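File shown here: coords25.txt, holding compact mmCIF, C-alpha atoms.
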```txt
# COMPACT_ATOMS: atom_id res chain seq x y z
CA MET X 667 42.27 -17.07 17.69
CA ALA X 668 40.52 -20.46 17.91
CA ASN X 669 37.91 -18.91 20.21
CA ARG X 670 37.21 -16.16 17.65
CA GLY X 671 36.79 -18.78 14.93
CA LEU X 672 34.32 -20.78 17.02
CA GLN X 673 32.36 -17.65 17.86
CA ASN X 674 32.21 -16.70 14.17
CA LEU X 675 30.96 -20.16 13.25
CA SER X 676 28.36 -20.23 16.02
CA ALA X 677 27.20 -16.65 15.41
CA LYS X 678 26.85 -17.17 11.66
CA TYR X 679 24.93 -20.45 11.60
CA ASN X 680 23.20 -20.67 14.99
CA TYR X 681 22.12 -17.05 15.18
CA ILE X 682 22.45 -14.89 12.03
CA TYR X 683 21.33 -17.51 9.50
CA ASN X 684 18.36 -18.62 11.60
CA SER X 685 17.41 -15.01 12.34
CA ASN X 686 17.37 -14.11 8.66
CA ILE X 687 15.14 -17.12 7.92
CA LEU X 688 12.74 -16.02 10.66
CA LEU X 689 12.76 -12.45 9.33
CA GLU X 690 11.99 -13.62 5.79
CA THR X 691 9.08 -15.70 7.14
CA TYR X 692 7.73 -12.69 9.03
CA GLN X 693 8.07 -10.40 5.98
CA GLU X 694 6.24 -12.93 3.79
CA GLU X 695 3.36 -13.12 6.29
CA LEU X 696 3.25 -9.32 6.54
CA SER X 697 3.05 -9.12 2.76
CA LYS X 698 0.17 -11.63 2.65
CA THR X 699 -1.87 -9.86 5.34
CA ASN X 700 -1.19 -6.35 4.01
CA ALA X 701 -4.33 -4.82 2.45
CA ASP X 702 -3.32 -2.78 -0.59
CA ASN X 703 -5.59 -0.04 -1.87
CA TYR X 704 -5.24 -0.16 -5.64
CA ASP X 705 -7.00 3.20 -6.03
CA ASN X 706 -3.76 4.80 -4.78
CA LEU X 707 -0.07 4.32 -5.49
CA LEU X 708 1.06 1.16 -3.70
CA ALA X 709 3.78 1.43 -1.07
CA ILE X 710 7.13 0.29 -2.48
CA TYR X 711 7.94 -1.65 0.67
CA ILE X 712 5.50 -2.84 3.32
CA ALA X 713 5.87 -1.49 6.83
CA PRO X 714 3.59 -1.71 9.86
CA PRO X 715 1.70 1.41 10.98
CA PRO X 716 2.80 3.42 14.05
CA ILE X 717 2.11 1.47 17.23
CA ASP X 718 -1.27 1.88 18.92
CA TYR X 719 -0.37 1.66 22.60
CA LEU X 720 -4.02 1.44 23.67
CA ASN X 721 -4.76 -1.53 21.40
CA ALA X 722 -1.31 -3.01 20.94
CA ALA X 723 -1.31 -6.66 19.92
CA ALA X 724 1.09 -9.21 21.36
CA LYS X 725 4.52 -9.07 19.78
CA THR X 726 5.20 -11.55 16.99
CA LYS X 727 7.07 -14.67 18.07
CA GLU X 728 9.45 -14.52 15.10
CA LEU X 729 10.50 -10.98 16.02
CA GLU X 730 10.96 -11.93 19.69
CA ASP X 731 13.15 -14.88 18.70
CA ILE X 732 15.25 -12.69 16.39
CA THR X 733 15.70 -10.13 19.17
CA LYS X 734 16.91 -12.81 21.60
CA LYS X 735 19.38 -14.20 19.06
CA ALA X 736 20.76 -10.76 18.22
CA GLN X 737 21.16 -9.88 21.90
CA ALA X 738 22.92 -13.21 22.49
CA ILE X 739 25.49 -12.41 19.78
CA ILE X 740 26.25 -9.03 21.35
CA ALA X 741 26.47 -10.45 24.87
CA GLU X 742 28.13 -13.82 24.24
CA LYS X 743 29.81 -13.65 20.81
CA ASN X 744 31.50 -10.29 21.13
CA LEU X 745 34.68 -11.60 19.49
CA SER X 746 32.81 -12.61 16.33
CA ASN X 747 32.54 -10.65 13.11
CA TYR X 748 28.75 -10.46 13.31
CA ILE X 749 28.17 -7.76 15.92
CA ASP X 750 27.19 -5.30 13.17
CA GLU X 751 24.57 -7.67 11.78
CA ALA X 752 23.21 -8.24 15.28
CA TYR X 753 22.60 -4.50 15.71
CA ILE X 754 20.98 -4.33 12.27
CA LEU X 755 18.65 -7.16 13.29
CA LEU X 756 17.73 -5.35 16.51
CA GLY X 757 16.93 -2.25 14.49
CA LYS X 758 14.73 -4.27 12.12
CA THR X 759 12.79 -6.00 14.89
CA ASN X 760 12.04 -2.61 16.44
CA PHE X 761 11.04 -1.32 12.99
CA TYR X 762 8.60 -4.19 12.44
CA ASN X 763 7.28 -3.81 15.99
CA SER X 764 6.44 -0.19 15.04
CA GLU X 765 8.91 1.07 17.68
CA TYR X 766 10.52 3.52 15.32
CA PHE X 767 12.35 5.67 17.89
CA ASN X 768 14.23 2.59 19.09
CA ALA X 769 14.87 1.52 15.50
CA VAL X 770 16.42 4.90 14.67
CA ALA X 771 18.67 4.61 17.74
CA TYR X 772 19.95 1.16 16.72
CA PHE X 773 20.55 2.14 13.10
CA SER X 774 22.25 5.40 14.15
CA TYR X 775 24.62 3.52 16.44
CA THR X 776 25.39 0.93 13.74
CA SER X 777 26.13 3.60 11.13
CA ARG X 778 28.55 5.33 13.53
CA ALA X 779 30.25 2.24 14.95
CA PHE X 780 30.73 0.39 11.63
CA LYS X 781 31.20 3.27 9.19
CA ALA X 782 34.36 1.68 7.81
CA ASP X 783 32.30 -1.16 6.32
CA LYS X 784 30.48 0.57 3.46
CA LYS X 785 27.86 -2.16 3.00
CA VAL X 786 26.91 -2.11 6.69
CA TYR X 787 27.00 1.70 6.76
CA LEU X 788 24.69 1.93 3.73
CA LYS X 789 22.28 -0.67 5.11
CA ALA X 790 22.07 1.10 8.49
CA LEU X 791 21.42 4.48 6.86
CA ASN X 792 18.76 3.01 4.58
CA TRP X 793 16.81 1.52 7.47
CA LYS X 794 17.29 4.65 9.56
CA ALA X 795 15.72 6.68 6.74
CA ARG X 796 12.81 4.25 6.52
CA SER X 797 12.23 4.49 10.26
CA LEU X 798 12.23 8.29 10.11
CA MET X 799 9.80 8.19 7.19
CA GLN X 800 7.46 5.99 9.23
CA MET X 801 7.62 8.65 11.94
CA ASN X 802 6.71 11.22 9.25
CA ASP X 803 9.99 13.06 9.83
CA LEU X 804 10.66 13.54 6.14
CA ALA X 805 13.14 16.38 6.67
CA ALA X 806 15.46 14.21 8.78
CA ALA X 807 14.96 11.23 6.45
CA SER X 808 15.91 13.38 3.44
CA LYS X 809 19.21 14.32 5.07
CA VAL X 810 20.01 10.66 5.70
CA LEU X 811 19.10 9.78 2.12
CA ASP X 812 21.42 12.51 0.82
CA THR X 813 24.26 10.52 2.40
CA VAL X 814 22.84 7.28 1.00
CA LYS X 815 23.01 8.74 -2.51
CA THR X 816 26.67 9.64 -2.11
CA TYR X 817 27.58 6.11 -0.94
CA LEU X 818 25.57 4.11 -3.50
CA ASP X 819 28.41 4.00 -6.03
CA SER X 820 30.87 2.79 -3.38
CA VAL X 821 29.23 -0.67 -3.22
CA LYS X 822 28.77 -3.20 -6.02
CA SER X 823 25.75 -5.04 -4.61
CA ASN X 824 22.82 -4.65 -2.17
CA LYS X 825 21.68 -1.46 -3.89
CA ALA X 826 18.05 -2.44 -4.51
CA GLU X 827 16.69 -1.58 -1.05
CA PRO X 828 18.32 1.89 -0.77
CA LEU X 829 17.11 2.69 -4.29
CA ALA X 830 13.60 1.59 -3.30
CA THR X 831 13.72 3.88 -0.25
CA LEU X 832 14.81 6.80 -2.44
CA ALA X 833 11.91 6.04 -4.80
CA GLN X 834 9.44 5.98 -1.90
CA MET X 835 10.71 9.33 -0.63
CA SER X 836 10.30 10.79 -4.13
CA ILE X 837 6.69 9.57 -4.16
CA TYR X 838 6.07 11.23 -0.79
CA LYS X 839 7.35 14.46 -2.35
CA TYR X 840 5.19 13.94 -5.49
CA GLN X 841 8.36 13.86 -7.59
CA TYR X 842 7.16 11.03 -9.82
CA LYS X 843 9.79 11.35 -12.57
CA GLU X 844 12.53 11.00 -9.96
CA ALA X 845 10.70 8.07 -8.38
CA ILE X 846 10.57 6.35 -11.78
CA SER X 847 14.34 6.71 -12.21
CA TYR X 848 15.12 5.22 -8.80
CA LEU X 849 12.56 2.42 -9.12
CA LYS X 850 13.86 1.35 -12.54
CA LEU X 851 17.35 1.04 -11.05
CA ALA X 852 15.98 -0.84 -8.03
CA ILE X 853 14.24 -3.37 -10.29
CA LYS X 854 17.50 -4.02 -12.15
CA GLU X 855 19.29 -4.65 -8.85
CA ALA X 856 16.53 -6.74 -7.24
CA SER X 857 16.51 -10.52 -7.02
CA ASP X 858 13.48 -11.41 -4.86
CA ILE X 859 10.12 -12.29 -6.42
CA GLN X 860 8.08 -9.55 -4.74
CA SER X 861 10.27 -6.78 -6.10
CA ARG X 862 9.92 -8.34 -9.55
CA THR X 863 6.12 -8.05 -9.40
CA ARG X 864 5.20 -5.29 -6.93
CA TRP X 865 7.77 -2.81 -8.18
CA PRO X 866 6.85 -3.09 -11.88
CA TYR X 867 3.21 -2.57 -10.87
CA ILE X 868 4.13 0.64 -9.02
CA LEU X 869 6.31 1.68 -11.96
CA ALA X 870 3.27 1.23 -14.21
CA GLN X 871 1.21 3.38 -11.82
CA LEU X 872 3.87 6.11 -11.88
CA TYR X 873 4.05 6.11 -15.69
CA GLU X 874 0.24 6.35 -15.76
CA ARG X 875 0.38 9.36 -13.42
CA GLU X 876 2.88 10.95 -15.81
CA LYS X 877 0.58 10.11 -18.77
CA ASP X 878 3.29 7.98 -20.36
CA TYR X 879 0.68 5.38 -21.28
CA ASN X 880 2.79 3.14 -23.52
CA LEU X 881 5.40 2.51 -20.83
CA SER X 882 2.64 2.13 -18.25
CA LEU X 883 0.94 -0.47 -20.42
CA ARG X 884 4.22 -2.32 -20.89
CA ASN X 885 4.78 -2.63 -17.14
CA TYR X 886 1.18 -3.64 -16.38
CA THR X 887 1.63 -6.36 -19.02
CA LYS X 888 4.80 -7.56 -17.24
CA VAL X 889 2.79 -7.93 -14.04
CA GLU X 890 -0.06 -9.67 -15.84
CA ASN X 891 2.38 -12.20 -17.34
CA SER X 892 4.25 -12.75 -14.06
CA ASN X 893 3.44 -14.87 -11.02
CA ALA X 894 2.02 -11.86 -9.16
CA PRO X 895 -0.73 -12.41 -6.54
CA PHE X 896 -4.11 -12.68 -8.22
CA GLU X 897 -5.41 -9.36 -6.86
CA MET X 898 -2.44 -7.56 -8.39
CA TYR X 899 -2.83 -9.50 -11.63
CA PHE X 900 -6.54 -8.60 -11.76
CA ASN X 901 -5.91 -4.90 -11.10
CA ALA X 902 -3.19 -4.89 -13.76
CA LYS X 903 -5.80 -6.17 -16.26
CA LEU X 904 -8.25 -3.45 -15.19
CA SER X 905 -5.53 -0.82 -15.48
CA LYS X 906 -4.66 -1.98 -19.00
CA ILE X 907 -8.29 -1.53 -20.00
CA ARG X 908 -8.26 1.97 -18.50
CA ILE X 909 -5.07 2.89 -20.35
CA ASN X 910 -6.31 1.53 -23.67
CA ASP X 911 -9.30 3.83 -23.17
CA ALA X 912 -6.97 6.77 -22.69
CA LEU X 913 -4.96 5.86 -25.79
CA ASN X 914 -7.98 5.22 -28.00
CA LYS X 915 -10.32 7.77 -26.42
CA LEU X 916 -12.98 5.11 -25.94
CA THR X 917 -15.40 4.32 -23.12
CA THR X 918 -17.79 1.71 -24.53
CA ASN X 919 -15.01 -0.81 -25.19
CA ARG X 920 -13.99 -0.57 -21.58
CA LYS X 921 -17.46 -1.52 -20.30
CA GLN X 922 -17.63 -4.46 -22.68
CA ALA X 923 -14.13 -5.60 -21.76
CA LEU X 924 -14.91 -5.34 -18.06
CA LEU X 925 -18.09 -7.36 -18.37
CA LYS X 926 -16.20 -10.00 -20.38
CA LEU X 927 -14.00 -10.54 -17.34
CA LEU X 928 -17.07 -11.91 -15.55
CA LYS X 929 -17.02 -14.93 -17.85
CA ASP X 930 -13.66 -16.02 -16.44
CA ASP X 931 -14.14 -18.14 -13.30
CA LYS X 932 -10.79 -16.87 -11.97
CA ASN X 933 -12.38 -13.43 -11.58
CA LEU X 934 -15.34 -14.66 -9.51
CA ASP X 935 -14.07 -13.12 -6.26
CA TYR X 936 -13.66 -9.76 -8.01
CA THR X 937 -17.16 -9.46 -9.46
CA ASP X 938 -17.89 -6.55 -7.10
CA GLN X 939 -14.89 -4.58 -8.37
CA ILE X 940 -15.81 -5.25 -12.00
CA TYR X 941 -19.35 -3.95 -11.50
CA TYR X 942 -17.93 -0.95 -9.62
CA GLU X 943 -15.64 -0.07 -12.54
CA VAL X 944 -18.60 -0.35 -14.97
CA ALA X 945 -20.62 1.94 -12.69
CA GLU X 946 -17.78 4.47 -12.69
CA ASP X 947 -17.90 4.56 -16.48
CA TYR X 948 -21.65 5.12 -16.56
CA TYR X 949 -21.26 7.86 -13.97
CA ALA X 950 -18.60 9.55 -16.12
CA ASP X 951 -21.07 9.36 -19.03
CA LYS X 952 -23.72 10.99 -16.76
CA ASP X 953 -25.96 7.96 -17.19
CA PHE X 954 -26.92 8.08 -13.51
CA ALA X 955 -29.63 5.41 -13.64
CA LYS X 956 -27.22 2.82 -15.08
CA ALA X 957 -24.50 3.97 -12.67
CA VAL X 958 -26.78 3.36 -9.68
CA ASP X 959 -27.74 -0.08 -11.05
CA TYR X 960 -24.13 -1.19 -11.28
CA TYR X 961 -23.09 0.38 -7.96
CA GLN X 962 -25.93 -1.61 -6.38
CA LEU X 963 -24.79 -4.78 -8.16
CA SER X 964 -21.28 -4.13 -6.83
CA ALA X 965 -22.62 -3.77 -3.28
CA GLN X 966 -24.71 -6.95 -3.62
CA LYS X 967 -21.71 -8.97 -4.85
CA SER X 968 -19.39 -7.64 -2.11
CA THR X 969 -19.78 -10.66 0.15
CA ILE X 970 -16.12 -10.88 1.23
CA ASN X 971 -15.05 -7.27 0.69
CA PRO X 972 -16.82 -4.85 3.06
CA TYR X 973 -14.56 -2.01 1.91
CA GLN X 974 -15.90 -2.34 -1.65
CA LYS X 975 -19.49 -2.57 -0.40
CA GLY X 976 -19.02 0.62 1.62
CA LEU X 977 -17.39 2.39 -1.31
CA SER X 978 -20.27 1.45 -3.62
CA HIS X 979 -22.81 2.74 -1.06
CA LEU X 980 -20.82 5.95 -0.69
CA LYS X 981 -20.82 6.50 -4.46
CA ILE X 982 -24.63 6.10 -4.60
CA ALA X 983 -24.95 8.52 -1.69
CA VAL X 984 -22.80 11.14 -3.43
CA LEU X 985 -24.66 10.64 -6.72
CA ASN X 986 -28.05 11.12 -5.02
CA PHE X 987 -26.83 14.15 -3.10
CA LYS X 988 -24.80 15.91 -5.77
CA ASP X 989 -26.42 14.95 -9.06
CA LEU X 990 -30.01 13.87 -8.33
CA ARG X 991 -30.67 16.14 -5.34
CA ASP X 992 -32.48 13.21 -3.74
CA TYR X 993 -31.50 13.94 -0.12
CA VAL X 994 -33.64 11.23 1.45
CA ASN X 995 -31.95 8.46 -0.55
CA ALA X 996 -28.57 10.13 -0.08
CA LYS X 997 -29.06 9.97 3.70
CA LEU X 998 -29.90 6.23 3.55
CA TYR X 999 -26.80 5.38 1.51
CA TYR X 1000 -24.51 7.59 3.62
CA ASP X 1001 -25.74 5.60 6.65
CA SER X 1002 -24.98 2.32 4.83
CA ALA X 1003 -21.51 3.58 3.92
CA ILE X 1004 -20.80 4.50 7.54
CA THR X 1005 -21.68 1.02 8.79
CA THR X 1006 -19.50 -0.79 6.22
CA LEU X 1007 -16.48 1.45 5.65
CA PRO X 1008 -13.64 1.21 8.20
CA LYS X 1009 -13.23 4.22 10.47
CA THR X 1010 -9.73 4.63 9.07
CA TYR X 1011 -11.21 5.44 5.64
CA ARG X 1012 -10.11 8.88 4.47
CA ASN X 1013 -12.68 11.60 5.22
CA TYR X 1014 -14.69 9.15 7.34
CA GLU X 1015 -15.59 11.91 9.82
CA SER X 1016 -16.85 14.16 7.04
CA ILE X 1017 -19.08 11.32 5.80
CA VAL X 1018 -20.55 10.99 9.31
CA SER X 1019 -21.05 14.74 9.49
CA LYS X 1020 -22.79 14.86 6.12
CA SER X 1021 -25.09 12.01 7.16
CA GLU X 1022 -26.04 13.86 10.34
CA ASN X 1023 -26.74 17.08 8.42
CA LEU X 1024 -28.85 15.19 5.90
CA GLY X 1025 -30.78 13.65 8.80
CA PHE X 1026 -31.81 17.14 9.87
CA LEU X 1027 -32.70 18.05 6.27
CA THR X 1028 -34.75 14.91 5.55
CA GLU X 1029 -36.79 15.43 8.74
CA ARG X 1030 -37.76 18.87 7.43
CA TYR X 1031 -38.66 17.38 4.03
CA GLN X 1032 -40.92 14.83 5.70
CA ILE X 1033 -42.68 17.56 7.70
CA ILE X 1034 -43.19 19.65 4.54
CA SER X 1035 -44.49 16.61 2.64
CA GLU X 1036 -46.96 15.75 5.41
CA GLN X 1037 -48.21 19.34 5.57
CA ASP X 1038 -48.60 19.50 1.77
CA THR X 1039 -50.65 16.28 1.88
CA LEU X 1040 -52.84 17.52 4.73
CA GLN X 1041 -53.48 20.85 3.04
CA ALA X 1042 -54.35 19.10 -0.23
CA ILE X 1043 -56.91 16.96 1.61
```

Could the structure of this file be written out as structure tokens, please?
Amino acid sequence: MANRGLQNLSAKYNYIYNSNILLETYQEELSKTNADNYDNLLAIYIAPPPIDYLNAAAKTKELEDITKKAQAIIAEKNLSNYIDEAYILLGKTNFYNSEYFNAVAYFSYTSRAFKADKKVYLKALNWKARSLMQMNDLAAASKVLDTVKTYLDSVKSNKAEPLATLAQMSIYKYQYKEAISYLKLAIKEASDIQSRTRWPYILAQLYEREKDYNLSLRNYTKVENSNAPFEMYFNAKLSKIRINDALNKLTTNRKQALLKLLKDDKNLDYTDQIYYEVAEDYYADKDFAKAVDYYQLSAQKSTINPYQKGLSHLKIAVLNFKDLRDYVNAKLYYDSAITTLPKTYRNYESIVSKSENLGFLTERYQIISEQDTLQAI
């Protein structure tokens, strides 16, 4: 009995507590380095992409340390009450190492072996569903989440994460009303700072998708008034301008409001995005000359954001190709977009293909132009 007590004490404070601190540190760093694309719905929780075995980076020290501590509990503290948490930790380290097959195996074992403990069972199923979703096995994940839904009412706490997973699955299925319901419940249950800022922002995005502009505006305002990261705060301000446009059926006020943001020194690093948004408005108004001017300003100001520079070049390329029928200029800007946009950008291959086709076309234009000049002489 005394031995069990010592093992419990050692496992709790020397291993589990320290492991959870390390995991929180890792998750905070992952959140800081994660590059959100505010043109799309943000991910409710941040997960690493599937592992690239050809270019795999060295494993994170925090995750290696957690793995060692969890394995030590299983091997040396097998009389303690923390074996279940050790297996959960092993599942999480595999999840964050992008080794999702292993993660599913650990969470499956935990859910079977510790089913009697409803909190552990629910946690294991939640992370198993997330791992399956990362593997793009939505059918299997949906079945797991069906069980999660039936067990949610059986626990009084720790509901925020399963509710967040259910919301993310609803987003994957384009069931935005359902996602809103789950996310609202998750926010009520949440206690950490990120879920109090990131989740309201996503809730605002979902309400905007559903054209419920008043509720969207209310949630963007919550983010704006919170201690959200500045990029999120800035995009919340831009979104509020966009929504006020939709409510008031105005476009000129939006341009003026956007340009006013340039007077605030806090927005200095986001000058390129402000000019881009102004250009988008001029493009929508079919004022192509002004649109090109502001897209070019956006590209010029994109000194620390190559993604924005590439996007601005791409927009000028599309405008020249589609609206102005200026294929020579379109080719030049497609080339610029290719050199600045990441290869992971959606439709990147089609951009390359269009540039190559325009190369063939512009060569023919140059030949025709030369022949016209010679014949005129």

Atom CA of Leu791 of chain X to atom CA of Leu755 of chain X: how many Å, to one decimal?
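Distance reported for this atom pair: 13.6 Å.
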
With only C-alpha atoms as the counted atoms, please give the residues lying no more than 9 Å from Gln871 of chain X, apart from itself and same-chain residues fewer than 2 positions off, as a PyMOL selection string.
chain X and resi 706-708+866-869+873-876+882+885-886+905

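Taking all atoms listed in the file into account, Leu688 of chain X lies nearest to X:Lys735 out of the set X:Arg864, X:Lys785, X:Lys843, X:Lys735.
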
Using atom CA of Asn995 of chain X and atom CA of Leu1024 of chain X as the two end points, give the distance in Å to one decimal.
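Straight-line distance from atom CA of Asn995 of chain X to atom CA of Leu1024 of chain X works out to 9.8 Å.
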
Find the residues near segment 690-704 of chain X: any atom within 12 Å, counting all atoms listed in the file, skip ones fewer than 2 places away on the same chain, and give them as a VMD selection string.
chain X and resid 683 to 688 706 to 715 725 to 732 755 758 to 759 761 to 763 858 to 861 864 867 to 868 871 894 to 902 904 to 905 939 971 973 to 974 1011 to 1012

Atom CA of Ser764 of chain X and atom CA of Leu1007 of chain X, how far apart in Å?
24.8 Å

In terms of the shortest atom-to-atom distance over only C-alpha atoms, which of X:Thr831, X:Gln737, X:Ser1016, X:Asn1023 is closest to Trp865 of chain X?
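Nearest candidate to Trp865 of chain X out of X:Thr831, X:Gln737, X:Ser1016, X:Asn1023: X:Thr831.
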
Tell me which protein, DNA and RNA residues are within 9 Å of Thr813 of chain X, counting only C-alpha atoms, leaving out same-chain ones fewer than 5 positions away, and put them as a list in words.
Leu788, Leu791, Ser808 and Leu818 of chain X
